[in-house]
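Colleague: Below is one structure. I have some questions about it.
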Amino acid sequence: MNPGKRSTLAASALLLAAISACGQATPLPNGDVNKLYEKLLKQIDQIPIYDNHSHATFPDDSDMDAMAAPPDETSVLRLRDDNPEFVAAAKALFGYPYDDFKPDHAKWLIDKKKAAEAAGGTAYFNSILDKLNVEICLANRVALAPYLDPKRFHWVFFVDSFLFPFDNHAQAGRDGDMAVYVPLQEKVLQRYKTQEKVDGLPADLAGYETFVRQTLADNQRKGGVAIKFEAAYFRSLYFSDPPRAMAEQIYAKYHAGGVPSEQEYRLFQDYVFRVLIDQAGKLGLPVHFHSAVGIGDYFSLRNGNPLNLENVVRDPRYSKTKFVLIHGGYPYTLDMIWMTAAKNVYTDSSLMGYYVYPSELKRILKQWISLFPERMMFASDAFPFNDAVGAEETYWLAVRSARTAVAAALAELVAEGAFSEAKALELAHLYLHDNSARLYGDMK
């Protein structure tokens, strides 16, 4: 070989080795990952949180959700009463003096919460946010409660009820879950009719569309910052795009009575869904979807798969509408993050913060951070499971899980040479606060 050529090849090899050593990520971490994790966690604990999704409420508040759990709900391991993490939460938040939730011990905690509820005012739940270093929380509710401070708790309102205007006996009779869900949707729809001073159903589809659009506009004026679909509990998240004339015929046939066939009702729902999406876009309201595993005995994982929404979120007509696919699509978390390749689509880690342990959440967050970190948001899904384990304890569990999991994910990525510690903290800010704050216009 020509000596000059040999020299050139050697120099190239040395250069490639230098580039690899300094700039290429590796599949295995270098250095003390645990030490790096502890260092990052101390700084991540100082980041104020913007919570994209919660049901912050007292357990006896019927406005906490437009739905209710069926009677024989099976709980995942981490949400069972004997999880010692709930005791840790009660100790951290309230100074709980016991090491279990035996009935006579739990009464101490229940009495404390009942006293706070009886006292009224917004100080109680504000104090929970303060203890967890949470700045803003989106509250998914039928109506914002007077004990939630609207400066800290922003209202996300439900819109599924608009999909159920006709005789729903066939819908409610499908299974035990629907027997619980459908009457509650009818109740919310009646509430909206009363709010808008609508007696019965309008005489034609145009009147119903006006009612739908006006309700969204009025709810926004009352403080609503986004709309929420729980449709995955009732049907597939795949929505077709039927012509208005077809919906008009169905409305004319059934608005005064009669039971639509399954196909007729589905087509009408698909059309009204498009009306809701269109109006949300015009009003600048982000659109939230439950897109993950759900409660109940008959929930369909296939129907709830976020990929069902691909034809909607990538529709050019809705390119300026912001879509938030909550719960990370769990267990379809990899599908979910690729959905966010579209610039108007976001996801959050709600539900996962207390369904799975931090080691599993770390794996999911690491994958998301590695792909589209500008589209992922923290959310707690804080929810009261009973009088003792309330929204307060699930809030604590979700927050601690997320902070530790994202710190661990970032520590591994830094140790693998993916990016610097400074970049890791920037990404932590995006996840815990900045992505949500920018989406809802609250970035300071």
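By convention here, the chains of the structure tokens are called A, B, ... in the order presented, each chain's residues are numbered starting at 1, and ligands are numbered starting at 1 in the order presented.
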As a ChimeraX atom specification, which residues of stretch 35-154 of chain A does DSSP assign to strand (DSSP E)?
Modeller: /A:49-54,134-140,153-154
Colleague: Atoms to include: N, CA and C atoms. Write the selected residues as a CSV table (one decimal), in the first residue's frame.
Modeller:
```csv
chain,number,residue,atom,x,y,z
A,49,ILE,N,-44.1,21.9,39.0
A,49,ILE,CA,-44.9,21.0,38.1
A,49,ILE,C,-46.1,21.7,37.5
A,50,TYR,N,-46.3,21.5,36.2
A,50,TYR,CA,-47.6,21.8,35.6
A,50,TYR,C,-48.3,20.5,35.2
A,51,ASP,N,-49.3,20.2,36.0
A,51,ASP,CA,-50.0,18.9,35.9
A,51,ASP,C,-51.1,19.0,34.8
A,52,ASN,N,-50.9,18.2,33.7
A,52,ASN,CA,-51.8,18.2,32.6
A,52,ASN,C,-53.1,17.5,32.8
A,53,HIS,N,-53.2,16.6,33.8
A,53,HIS,CA,-54.5,15.9,34.0
A,53,HIS,C,-54.7,15.4,35.4
A,54,SER,N,-55.8,15.7,36.0
A,54,SER,CA,-56.1,15.2,37.3
A,54,SER,C,-57.6,15.2,37.6
A,134,VAL,N,-46.3,21.8,43.0
A,134,VAL,CA,-47.1,21.8,41.8
A,134,VAL,C,-47.6,23.3,41.6
A,135,GLU,N,-47.4,23.8,40.5
A,135,GLU,CA,-47.8,25.2,40.2
A,135,GLU,C,-49.2,25.3,39.7
A,136,ILE,N,-49.5,24.5,38.7
A,136,ILE,CA,-50.9,24.5,38.0
A,136,ILE,C,-51.3,23.1,37.8
A,137,CYS,N,-52.6,22.9,38.0
A,137,CYS,CA,-53.2,21.6,37.8
A,137,CYS,C,-54.4,21.7,36.9
A,138,LEU,N,-54.5,20.9,35.9
A,138,LEU,CA,-55.7,20.8,35.1
A,138,LEU,C,-56.7,19.8,35.8
A,139,ALA,N,-57.9,20.3,36.1
A,139,ALA,CA,-58.9,19.5,36.8
A,139,ALA,C,-60.0,19.0,35.8
A,140,ASN,N,-60.0,17.7,35.5
A,140,ASN,CA,-61.1,17.1,34.7
A,140,ASN,C,-62.3,17.0,35.5
A,153,PHE,N,-56.1,25.6,39.7
A,153,PHE,CA,-56.8,24.5,39.1
A,153,PHE,C,-57.6,25.0,37.9
A,154,HIS,N,-57.2,24.6,36.7
A,154,HIS,CA,-57.8,25.0,35.5
A,154,HIS,C,-58.7,23.9,35.0
```
Colleague: Fewer than 3 positions away in the same chain doesn't count, so skip those; otherwise give me all residues within 9 Å of stretch 272-283 of chain A, counting only C-alpha atoms, as a PDB file with N, CA, C and O atoms, in the first residue's frame.
Modeller:
```
ATOM      1  N   VAL A 159     -67.212  16.244  27.078  1.00  0.00           N
ATOM      2  CA  VAL A 159     -68.108  16.497  25.945  1.00  0.00           C
ATOM      3  C   VAL A 159     -68.730  15.222  25.378  1.00  0.00           C
ATOM      4  O   VAL A 159     -69.494  15.278  24.408  1.00  0.00           O
ATOM      5  N   ASP A 160     -68.465  14.055  25.954  1.00  0.00           N
ATOM      6  CA  ASP A 160     -69.022  12.806  25.424  1.00  0.00           C
ATOM      7  C   ASP A 160     -70.548  12.790  25.428  1.00  0.00           C
ATOM      8  O   ASP A 160     -71.159  12.102  24.612  1.00  0.00           O
ATOM      9  N   PHE A 162     -72.659  14.756  24.384  1.00  0.00           N
ATOM     10  CA  PHE A 162     -73.264  15.205  23.129  1.00  0.00           C
ATOM     11  C   PHE A 162     -73.409  14.056  22.133  1.00  0.00           C
ATOM     12  O   PHE A 162     -74.136  14.192  21.142  1.00  0.00           O
ATOM     13  N   LEU A 163     -72.740  12.941  22.385  1.00  0.00           N
ATOM     14  CA  LEU A 163     -72.842  11.781  21.499  1.00  0.00           C
ATOM     15  C   LEU A 163     -74.045  10.910  21.825  1.00  0.00           C
ATOM     16  O   LEU A 163     -74.294   9.921  21.136  1.00  0.00           O
ATOM     17  N   GLU A 209     -76.535  21.346  16.426  1.00  0.00           N
ATOM     18  CA  GLU A 209     -75.171  21.823  16.223  1.00  0.00           C
ATOM     19  C   GLU A 209     -74.948  23.163  16.922  1.00  0.00           C
ATOM     20  O   GLU A 209     -73.890  23.392  17.539  1.00  0.00           O
ATOM     21  N   VAL A 212     -74.536  22.497  20.602  1.00  0.00           N
ATOM     22  CA  VAL A 212     -73.213  21.936  20.894  1.00  0.00           C
ATOM     23  C   VAL A 212     -72.150  23.028  20.870  1.00  0.00           C
ATOM     24  O   VAL A 212     -71.354  23.173  21.814  1.00  0.00           O
ATOM     25  N   ARG A 213     -72.131  23.806  19.820  1.00  0.00           N
ATOM     26  CA  ARG A 213     -71.106  24.837  19.669  1.00  0.00           C
ATOM     27  C   ARG A 213     -71.230  25.915  20.751  1.00  0.00           C
ATOM     28  O   ARG A 213     -70.222  26.382  21.297  1.00  0.00           O
ATOM     29  N   LEU A 216     -69.833  24.733  24.206  1.00  0.00           N
ATOM     30  CA  LEU A 216     -68.375  24.797  24.277  1.00  0.00           C
ATOM     31  C   LEU A 216     -67.894  26.228  24.479  1.00  0.00           C
ATOM     32  O   LEU A 216     -67.017  26.498  25.306  1.00  0.00           O
ATOM     33  N   ALA A 217     -68.495  27.161  23.740  1.00  0.00           N
ATOM     34  CA  ALA A 217     -68.093  28.564  23.874  1.00  0.00           C
ATOM     35  C   ALA A 217     -68.404  29.094  25.277  1.00  0.00           C
ATOM     36  O   ALA A 217     -67.587  29.811  25.880  1.00  0.00           O
ATOM     37  N   GLN A 220     -66.003  27.665  27.837  1.00  0.00           N
ATOM     38  CA  GLN A 220     -64.712  28.351  27.763  1.00  0.00           C
ATOM     39  C   GLN A 220     -64.781  29.680  28.503  1.00  0.00           C
ATOM     40  O   GLN A 220     -63.856  30.037  29.245  1.00  0.00           O
ATOM     41  N   ALA A 226     -59.834  23.277  28.021  1.00  0.00           N
ATOM     42  CA  ALA A 226     -59.739  22.165  27.081  1.00  0.00           C
ATOM     43  C   ALA A 226     -61.011  21.338  27.178  1.00  0.00           C
ATOM     44  O   ALA A 226     -61.750  21.430  28.172  1.00  0.00           O
ATOM     45  N   ILE A 227     -61.273  20.523  26.137  1.00  0.00           N
ATOM     46  CA  ILE A 227     -62.393  19.589  26.185  1.00  0.00           C
ATOM     47  C   ILE A 227     -61.851  18.175  26.346  1.00  0.00           C
ATOM     48  O   ILE A 227     -60.713  17.883  25.990  1.00  0.00           O
ATOM     49  N   PHE A 239     -63.105   7.185  14.435  1.00  0.00           N
ATOM     50  CA  PHE A 239     -64.276   7.960  14.036  1.00  0.00           C
ATOM     51  C   PHE A 239     -64.240   8.148  12.521  1.00  0.00           C
ATOM     52  O   PHE A 239     -63.278   8.688  11.978  1.00  0.00           O
ATOM     53  N   ASP A 241     -66.008   9.663   8.884  1.00  0.00           N
ATOM     54  CA  ASP A 241     -66.290  11.049   8.489  1.00  0.00           C
ATOM     55  C   ASP A 241     -67.543  11.083   7.604  1.00  0.00           C
ATOM     56  O   ASP A 241     -67.470  11.367   6.408  1.00  0.00           O
ATOM     57  N   ALA A 247     -76.161  12.407   8.698  1.00  0.00           N
ATOM     58  CA  ALA A 247     -76.451  12.728  10.099  1.00  0.00           C
ATOM     59  C   ALA A 247     -77.791  13.441  10.225  1.00  0.00           C
ATOM     60  O   ALA A 247     -78.532  13.226  11.188  1.00  0.00           O
ATOM     61  N   LEU A 267     -72.865   6.282  13.285  1.00  0.00           N
ATOM     62  CA  LEU A 267     -72.651   7.288  12.242  1.00  0.00           C
ATOM     63  C   LEU A 267     -72.987   8.685  12.753  1.00  0.00           C
ATOM     64  O   LEU A 267     -72.269   9.651  12.474  1.00  0.00           O
ATOM     65  N   PHE A 268     -74.059   8.787  13.524  1.00  0.00           N
ATOM     66  CA  PHE A 268     -74.419  10.096  14.065  1.00  0.00           C
ATOM     67  C   PHE A 268     -73.346  10.578  15.040  1.00  0.00           C
ATOM     68  O   PHE A 268     -72.955  11.755  15.015  1.00  0.00           O
ATOM     69  N   GLN A 269     -72.867   9.687  15.892  1.00  0.00           N
ATOM     70  CA  GLN A 269     -71.802  10.060  16.825  1.00  0.00           C
ATOM     71  C   GLN A 269     -70.554  10.524  16.076  1.00  0.00           C
ATOM     72  O   GLN A 269     -69.901  11.501  16.475  1.00  0.00           O
ATOM     73  N   PRO A 286     -57.624  22.943  23.343  1.00  0.00           N
ATOM     74  CA  PRO A 286     -57.037  21.621  23.103  1.00  0.00           C
ATOM     75  C   PRO A 286     -58.059  20.522  23.361  1.00  0.00           C
ATOM     76  O   PRO A 286     -58.973  20.674  24.179  1.00  0.00           O
ATOM     77  N   VAL A 287     -57.889  19.402  22.658  1.00  0.00           N
ATOM     78  CA  VAL A 287     -58.816  18.278  22.738  1.00  0.00           C
ATOM     79  C   VAL A 287     -58.120  17.112  23.422  1.00  0.00           C
ATOM     80  O   VAL A 287     -57.132  16.586  22.911  1.00  0.00           O
ATOM     81  N   VAL A 312     -57.774  11.260  12.459  1.00  0.00           N
ATOM     82  CA  VAL A 312     -58.292  12.534  12.964  1.00  0.00           C
ATOM     83  C   VAL A 312     -57.146  13.520  13.200  1.00  0.00           C
ATOM     84  O   VAL A 312     -57.152  14.653  12.700  1.00  0.00           O
ATOM     85  N   ARG A 317     -57.675  19.385   8.001  1.00  0.00           N
ATOM     86  CA  ARG A 317     -58.674  20.334   8.503  1.00  0.00           C
ATOM     87  C   ARG A 317     -58.429  20.705   9.962  1.00  0.00           C
ATOM     88  O   ARG A 317     -58.882  21.757  10.427  1.00  0.00           O
ATOM     89  N   TYR A 318     -57.739  19.836  10.702  1.00  0.00           N
ATOM     90  CA  TYR A 318     -57.529  20.058  12.129  1.00  0.00           C
ATOM     91  C   TYR A 318     -56.066  20.321  12.443  1.00  0.00           C
ATOM     92  O   TYR A 318     -55.619  20.122  13.578  1.00  0.00           O
ATOM     93  N   SER A 319     -55.311  20.788  11.468  1.00  0.00           N
ATOM     94  CA  SER A 319     -53.865  20.962  11.665  1.00  0.00           C
ATOM     95  C   SER A 319     -53.539  22.001  12.739  1.00  0.00           C
ATOM     96  O   SER A 319     -52.457  21.967  13.332  1.00  0.00           O
ATOM     97  N   LYS A 320     -54.460  22.919  12.997  1.00  0.00           N
ATOM     98  CA  LYS A 320     -54.220  23.933  14.026  1.00  0.00           C
ATOM     99  C   LYS A 320     -54.854  23.569  15.369  1.00  0.00           C
ATOM    100  O   LYS A 320     -54.719  24.310  16.343  1.00  0.00           O
ATOM    101  N   THR A 321     -55.544  22.438  15.423  1.00  0.00           N
ATOM    102  CA  THR A 321     -56.142  21.965  16.669  1.00  0.00           C
ATOM    103  C   THR A 321     -55.100  21.165  17.439  1.00  0.00           C
ATOM    104  O   THR A 321     -54.395  20.331  16.876  1.00  0.00           O
ATOM    105  N   LYS A 322     -55.001  21.416  18.733  1.00  0.00           N
ATOM    106  CA  LYS A 322     -54.050  20.700  19.575  1.00  0.00           C
ATOM    107  C   LYS A 322     -54.739  19.480  20.189  1.00  0.00           C
ATOM    108  O   LYS A 322     -55.794  19.606  20.824  1.00  0.00           O
TER     109      LYS A 322
END
```
Colleague: Counting only C-alpha atoms, figure out which residue out of A:Tyr265, A:Phe158, A:Phe383, A:Tyr298 gets nearest to A:Tyr251.
Modeller: A:Tyr265
Colleague: Please provide the set of residues having any atom within 7 Å of stretch 123-130 of chain A, restricted to only C-alpha atoms, with same-chain residues fewer than 5 positions apart removed, written as an mmCIF file with all heavy atoms, in the first residue's frame.
Modeller:
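Result written to selection.cif:
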```
data_model
loop_
_atom_site.group_PDB
_atom_site.id
_atom_site.type_symbol
_atom_site.label_atom_id
_atom_site.label_comp_id
_atom_site.auth_asym_id
_atom_site.auth_seq_id
_atom_site.Cartn_x
_atom_site.Cartn_y
_atom_site.Cartn_z
ATOM 1 N N ALA A 116 -61.346 19.216 56.697
ATOM 2 C CA ALA A 116 -60.919 20.169 55.664
ATOM 3 C C ALA A 116 -62.048 20.428 54.683
ATOM 4 O O ALA A 116 -62.283 21.567 54.261
ATOM 5 C CB ALA A 116 -59.694 19.630 54.935
ATOM 6 N N GLU A 135 -47.380 23.840 40.478
ATOM 7 C CA GLU A 135 -47.779 25.218 40.211
ATOM 8 C C GLU A 135 -49.221 25.310 39.723
ATOM 9 O O GLU A 135 -50.038 26.064 40.250
ATOM 10 C CB GLU A 135 -46.834 25.811 39.167
ATOM 11 C CG GLU A 135 -47.091 27.258 38.791
ATOM 12 C CD GLU A 135 -46.098 27.712 37.726
ATOM 13 O OE1 GLU A 135 -45.006 28.173 38.088
ATOM 14 O OE2 GLU A 135 -46.428 27.581 36.531
ATOM 15 N N LEU A 148 -61.812 24.523 44.792
ATOM 16 C CA LEU A 148 -60.607 24.523 43.965
ATOM 17 C C LEU A 148 -60.347 25.936 43.468
ATOM 18 O O LEU A 148 -61.216 26.551 42.850
ATOM 19 C CB LEU A 148 -60.762 23.563 42.781
ATOM 20 C CG LEU A 148 -60.923 22.077 43.130
ATOM 21 C CD1 LEU A 148 -61.106 21.255 41.855
ATOM 22 C CD2 LEU A 148 -59.739 21.556 43.948
ATOM 23 N N GLU A 392 -55.231 13.132 47.286
ATOM 24 C CA GLU A 392 -54.003 13.648 47.878
ATOM 25 C C GLU A 392 -52.878 12.602 47.818
ATOM 26 O O GLU A 392 -51.749 12.901 47.408
ATOM 27 C CB GLU A 392 -54.247 14.060 49.334
ATOM 28 C CG GLU A 392 -55.354 15.095 49.515
ATOM 29 C CD GLU A 392 -56.720 14.464 49.803
ATOM 30 O OE1 GLU A 392 -56.969 13.336 49.302
ATOM 31 O OE2 GLU A 392 -57.512 15.086 50.527
#
```
Colleague: Would you return as a PyMOL selection string the members of stretch 43-141 of chain A that DSSP assigns to helix (DSSP H, G or I) on this structure's backbone?
Modeller: chain A and resi 43-44+62-64+77-79+84-94+103-119+123-132
Colleague: Tell me which protein, DNA and RNA residues are within 8 Å of A:Asn308, counting only C-alpha atoms, leaving out same-chain ones fewer than 3 positions away, and put them as a PyMOL selection string.
Modeller: chain A and resi 236-239+303-305+311
Colleague: Write the residues of the preceding selection, restricted to N, CA and C atoms, as a short mmCIF file (atom, residue, chain, number, x, y, z; two decimals), in the first residue's frame.
Modeller:
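As written to disk, part22.cif reads:
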```cif
data_model
loop_
_atom_site.label_atom_id
_atom_site.label_comp_id
_atom_site.auth_asym_id
_atom_site.auth_seq_id
_atom_site.Cartn_x
_atom_site.Cartn_y
_atom_site.Cartn_z
N SER A 236 -65.18 2.42 19.89
CA SER A 236 -63.85 2.55 19.34
C SER A 236 -63.48 4.02 19.17
N LEU A 237 -62.18 4.32 19.33
CA LEU A 237 -61.70 5.67 19.07
C LEU A 237 -61.53 5.94 17.57
N TYR A 238 -61.89 4.99 16.75
CA TYR A 238 -61.89 5.27 15.31
C TYR A 238 -63.21 5.97 14.97
N PHE A 239 -63.10 7.18 14.44
CA PHE A 239 -64.28 7.96 14.04
C PHE A 239 -64.24 8.15 12.52
N ASN A 303 -60.15 -1.07 21.14
CA ASN A 303 -60.90 0.16 20.86
C ASN A 303 -60.20 1.40 21.40
N GLY A 304 -59.46 1.24 22.51
CA GLY A 304 -58.81 2.39 23.13
C GLY A 304 -57.42 2.68 22.59
N ASN A 305 -56.93 1.88 21.65
CA ASN A 305 -55.60 2.10 21.10
C ASN A 305 -55.53 3.47 20.43
N ASN A 311 -56.37 9.01 11.85
CA ASN A 311 -57.05 9.69 10.74
C ASN A 311 -57.60 11.05 11.16
#
```
Colleague: Restricting the calculation to only C-alpha atoms: of A:Ala203, A:Ala402, A:Ala342, A:Ala25, which residue gets closest to A:Pro358?
Modeller: A:Ala402
Colleague: Hey, which of A:His169, A:Arg314, A:Asp387, A:Ala245 ends up closest to A:Leu109? Count only C-alpha atoms.
Modeller: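 Smallest separation from A:Leu109 among the options: A:Asp387.
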Colleague: When you count only C-alpha atoms, which of these residues is closest to A:Phe323: A:Tyr181, A:Tyr147, A:Tyr346, A:Tyr37?
Modeller: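 Among A:Tyr181, A:Tyr147, A:Tyr346, A:Tyr37, it is A:Tyr346 that comes nearest to A:Phe323.
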Colleague: Show which residues sit within 9 Å of A:Tyr357, as a list in words. Count only C-alpha atoms, and ignore same-chain residues fewer than 6 positions away.
Modeller: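 Non-adjacent residues within range: Arg78, Ser401 and Ala405 of chain A.
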